[in-house]
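Student: Supplied in structure tokens, the structure appears directly below.
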Amino acid sequence: PPPGAARPPGLGGPLAVALALLLCLNWGQRVAAVSMTKQSWDRTVAGKTVFVKFFAPWCGYCKKMADDWIQLEKDHADSEGLLIGEVNCAGVGTSKCDELNINGFPTLMYGDPSNMVEYKGDRGYKSLSHFVTKELRKTCGPSDLGLCDEATKQLLHGLLKQPTEELRRAIVAKSQAADNADKEYEALLKRLQVEYEEGLKRRDETKREAQAVLGHLRGIVATRDMAKRSEL
């Protein structure tokens, strides 16, 4: 049993074994990172700078970094104004991932919750810890206009004056534009793949026909050269 876990008096046999297993599980249980959904997002991230992992449980890279992410969250659990959390894109957090157009796993995002930036650095524990401790700071956003350049300030001032419903329509429109960009890119890749395969086929057919004739041409020329040499 884990340290300090004594067996209750009067218990034995299967019941004692089951209780011991339960104690071991509880003693060794890991503290999970803060898990968020679309419904809990706003109240969880309010007023905070965030570092969020968007993941899928079946993703190998996600599994590989799971323990490091949990440790990172524990290291900074008491950090004022900072939230390290995660969103399960294949479970309860699917709608939030769809809203943010998360397509690859894991995707790490940081900064102002309303204007997050994708983290592109190394995903090992030491690198993540250094980033959070030394580099993660509040970023430009509606709640931190003082960190924005003049052009972004003007943009945000204009957006802040708009009615909420108009902003919601803009969110839908921009999300649709992002989705369309992905679809257009995928369609382009498919067209290029078709063109590549057709071009490859044309090349092979042309080379096959050319090589077949080349064989005959070379044979005829070689025969004639030999005939000339024999005449000399």
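As shown in the structure tokens, the chain order sets the letters A, B, ...; within each chain, residues go from 1, and ligands are also counted from 1 in the order they appear.
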Quick one: residues within 12 Å of Phe54 of chain A, only C-alpha atoms, excluding same-chain residues fewer than 3 positions away - as an MDAnalysis selection string?
Tutor: chainID A and resid 33:37 51 57 59 61:62 65:66 69 84:98 100:110 118:119
Student: Could you please write out, as an MDAnalysis selection string, every residue of segment 15-229 of chain A that DSSP assigns to strand (DSSP E or B)?
Tutor: chainID A and resid 34:35 49:55 82:88 107:111 117:118 141 144
Student: Can you work out the spacing between atom CA of Val132 of chain A and atom CA of Glu80 of chain A in Å, to one decimal?
Tutor: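 According to the coordinates, atom CA of Val132 of chain A and atom CA of Glu80 of chain A are separated by 12.8 Å.
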Student: When you draw a straight line from atom CA of Asn180 of chain A to atom CA of Ser114 of chain A, how long is it in Å?
Tutor: 21.6 Å
Student: Rank nothing, just name the residue among A:Gly81, A:Leu200, A:Glu99, A:Lys74 nearest to Gln39 of chain A, using only C-alpha atoms.
Tutor: A:Glu99
Student: For segment 148-163 of chain A, list every protein, DNA or RNA residue within 12 Å, evaluated using only C-alpha atoms, and leave out those in the same chain fewer than 5 positions away; present the list as a list in words.
Tutor: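 What passes the distance filter is Asp112, Ser114, Asn115, Lys138, Thr139, Cys140, Gly141, Pro142, Ser143, Arg168, Arg169, Ala170 and Ile171 of chain A.
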Student: Save the residues we just selected, N, CA and C atoms, as an mmCIF file, in the first residue's frame?
Tutor:
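Output file part_6.cif is given in full below:
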```cif
data_model
loop_
_atom_site.group_PDB
_atom_site.id
_atom_site.type_symbol
_atom_site.label_atom_id
_atom_site.label_comp_id
_atom_site.auth_asym_id
_atom_site.auth_seq_id
_atom_site.Cartn_x
_atom_site.Cartn_y
_atom_site.Cartn_z
ATOM 1 N N ASP A 112 -3.774 36.432 -25.427
ATOM 2 C CA ASP A 112 -5.113 36.915 -25.094
ATOM 3 C C ASP A 112 -6.124 35.888 -25.611
ATOM 4 N N SER A 114 -8.977 36.058 -26.691
ATOM 5 C CA SER A 114 -9.748 36.488 -27.855
ATOM 6 C C SER A 114 -8.873 36.689 -29.088
ATOM 7 N N ASN A 115 -7.556 36.555 -28.914
ATOM 8 C CA ASN A 115 -6.644 36.792 -30.034
ATOM 9 C C ASN A 115 -5.388 35.936 -29.867
ATOM 10 N N LYS A 138 1.353 39.057 -21.529
ATOM 11 C CA LYS A 138 0.103 39.535 -22.095
ATOM 12 C C LYS A 138 0.364 40.049 -23.502
ATOM 13 N N THR A 139 -0.580 39.832 -24.376
ATOM 14 C CA THR A 139 -0.422 40.249 -25.765
ATOM 15 C C THR A 139 -1.517 41.239 -26.144
ATOM 16 N N CYS A 140 -1.328 41.863 -27.272
ATOM 17 C CA CYS A 140 -2.301 42.819 -27.781
ATOM 18 C C CYS A 140 -3.669 42.171 -27.920
ATOM 19 N N GLY A 141 -4.701 42.854 -27.472
ATOM 20 C CA GLY A 141 -6.060 42.356 -27.584
ATOM 21 C C GLY A 141 -7.048 43.374 -27.045
ATOM 22 N N PRO A 142 -8.342 43.098 -27.141
ATOM 23 C CA PRO A 142 -9.353 44.053 -26.665
ATOM 24 C C PRO A 142 -9.182 44.459 -25.216
ATOM 25 N N SER A 143 -8.627 43.568 -24.395
ATOM 26 C CA SER A 143 -8.456 43.897 -22.977
ATOM 27 C C SER A 143 -7.086 44.498 -22.682
ATOM 28 N N ARG A 168 -21.128 39.142 -33.831
ATOM 29 C CA ARG A 168 -21.397 37.702 -34.009
ATOM 30 C C ARG A 168 -21.491 37.357 -35.491
ATOM 31 N N ARG A 169 -22.140 38.228 -36.259
ATOM 32 C CA ARG A 169 -22.238 37.981 -37.699
ATOM 33 C C ARG A 169 -20.852 38.023 -38.350
ATOM 34 N N ALA A 170 -20.013 38.931 -37.853
ATOM 35 C CA ALA A 170 -18.656 39.032 -38.396
ATOM 36 C C ALA A 170 -17.854 37.775 -38.072
ATOM 37 N N ILE A 171 -18.061 37.237 -36.870
ATOM 38 C CA ILE A 171 -17.371 35.994 -36.474
ATOM 39 C C ILE A 171 -17.752 34.861 -37.415
#
```
Student: From the set A:Leu72, A:Leu214, A:Leu188, A:Ala178, which residue has the shortest atom-to-atom contact distance to His130 of chain A, counting only C-alpha atoms?
Tutor: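 Smallest separation from His130 of chain A among the options: A:Leu72.
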Student: So, with only C-alpha atoms as the atoms that count, which of A:Arg43, A:Glu197, A:Thr49, A:Ala77 lies closest to Asp144 of chain A?
Tutor: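 Counting only C-alpha atoms, the residue closest to Asp144 of chain A is A:Thr49.
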Student: Between atom CA of Gly121 of chain A and atom CA of Glu135 of chain A, what distance in Å does the model show, to one decimal?
Tutor: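 The value is 11.6 Å.
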Student: With distances taken over only C-alpha atoms, which of A:Arg123, A:Gly111, A:Val52, A:Gln193 is nearest to Leu147 of chain A?
Tutor: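 Going through A:Arg123, A:Gly111, A:Val52, A:Gln193 one by one, the smallest distance to Leu147 of chain A is for A:Gly111.
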Student: Check the DSSP output for the backbone and give back, as a PyMOL selection string, the residues of segment 10-168 of chain A in helix (DSSP H, G or I).
Tutor: chain A and resi 13-28+38-45+60-75+94-99+125-135+145-147+150-160+164-168
Student: Can you write just those residues out, C-alpha atoms, as a compact mmCIF listing (two decimals), in the first residue's frame?
Tutor:
```
# COMPACT_ATOMS: atom_id res chain seq x y z
CA GLY A 13 -9.82 -11.42 1.83
CA PRO A 14 -11.15 -9.92 -1.45
CA LEU A 15 -12.58 -6.85 0.28
CA ALA A 16 -9.17 -5.93 1.70
CA VAL A 17 -7.53 -6.40 -1.68
CA ALA A 18 -10.14 -4.22 -3.40
CA LEU A 19 -9.74 -1.49 -0.78
CA ALA A 20 -5.95 -1.58 -1.11
CA LEU A 21 -6.22 -1.21 -4.89
CA LEU A 22 -8.58 1.73 -4.50
CA LEU A 23 -6.19 3.43 -2.09
CA CYS A 24 -3.30 2.93 -4.49
CA LEU A 25 -5.26 4.38 -7.38
CA ASN A 26 -6.28 7.44 -5.39
CA TRP A 27 -2.77 7.92 -4.01
CA GLY A 28 -1.15 7.72 -7.45
CA LYS A 38 -17.10 25.97 -25.57
CA GLN A 39 -19.61 26.46 -22.74
CA SER A 40 -16.97 26.89 -20.01
CA TRP A 41 -14.41 28.78 -22.06
CA ASP A 42 -15.42 32.40 -21.39
CA ARG A 43 -15.72 32.10 -17.61
CA THR A 44 -12.54 30.02 -17.33
CA VAL A 45 -10.25 32.31 -19.35
CA GLY A 60 0.34 9.91 -30.70
CA TYR A 61 2.10 13.27 -30.30
CA CYS A 62 -0.61 14.35 -27.84
CA LYS A 63 -0.05 11.23 -25.72
CA LYS A 64 3.70 11.81 -25.80
CA MET A 65 3.44 15.31 -24.33
CA ALA A 66 0.52 14.63 -21.94
CA ASP A 67 2.63 14.20 -18.78
CA ASP A 68 4.75 17.26 -19.55
CA TRP A 69 1.63 19.36 -20.06
CA ILE A 70 0.13 18.19 -16.77
CA GLN A 71 3.37 19.02 -14.97
CA LEU A 72 3.44 22.45 -16.63
CA GLU A 73 -0.11 23.12 -15.45
CA LYS A 74 0.78 22.06 -11.90
CA ASP A 75 3.89 24.26 -11.91
CA THR A 94 -15.23 19.60 -30.29
CA SER A 95 -17.40 22.68 -30.84
CA LYS A 96 -14.71 25.01 -29.45
CA CYS A 97 -12.09 23.49 -31.74
CA ASP A 98 -14.45 23.88 -34.69
CA GLU A 99 -15.03 27.51 -33.77
CA TYR A 125 8.95 20.10 -20.96
CA LYS A 126 12.07 22.27 -20.60
CA SER A 127 11.20 24.37 -23.64
CA LEU A 128 7.55 24.75 -22.63
CA SER A 129 8.52 25.70 -19.07
CA HIS A 130 11.05 28.26 -20.31
CA PHE A 131 8.46 29.76 -22.65
CA VAL A 132 5.86 30.12 -19.90
CA THR A 133 8.35 31.46 -17.35
CA LYS A 134 10.43 33.78 -19.53
CA GLU A 135 8.48 34.64 -22.66
CA LEU A 145 -4.98 47.88 -26.08
CA GLY A 146 -1.82 49.41 -24.64
CA LEU A 147 0.20 46.52 -26.06
CA GLU A 150 -1.52 52.03 -33.75
CA ALA A 151 -3.10 50.21 -36.69
CA THR A 152 -4.38 47.41 -34.46
CA LYS A 153 -5.60 49.92 -31.87
CA GLN A 154 -7.69 51.67 -34.52
CA LEU A 155 -9.08 48.35 -35.71
CA LEU A 156 -10.02 47.29 -32.19
CA HIS A 157 -11.51 50.68 -31.29
CA GLY A 158 -13.77 50.34 -34.32
CA LEU A 159 -14.76 46.78 -33.43
CA LEU A 160 -15.47 47.69 -29.80
CA THR A 164 -22.70 42.45 -30.22
CA GLU A 165 -24.97 40.94 -32.88
CA GLU A 166 -22.97 42.58 -35.62
CA LEU A 167 -19.80 41.16 -34.10
CA ARG A 168 -21.40 37.70 -34.01
```
Student: Please determine, counting only C-alpha atoms, which residue among A:His76, A:His216, A:Lys174, A:Lys48 has the shortest atom-to-atom distance to Met116 of chain A.
Tutor: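 So, comparing all the options, the nearest one is A:Lys48.
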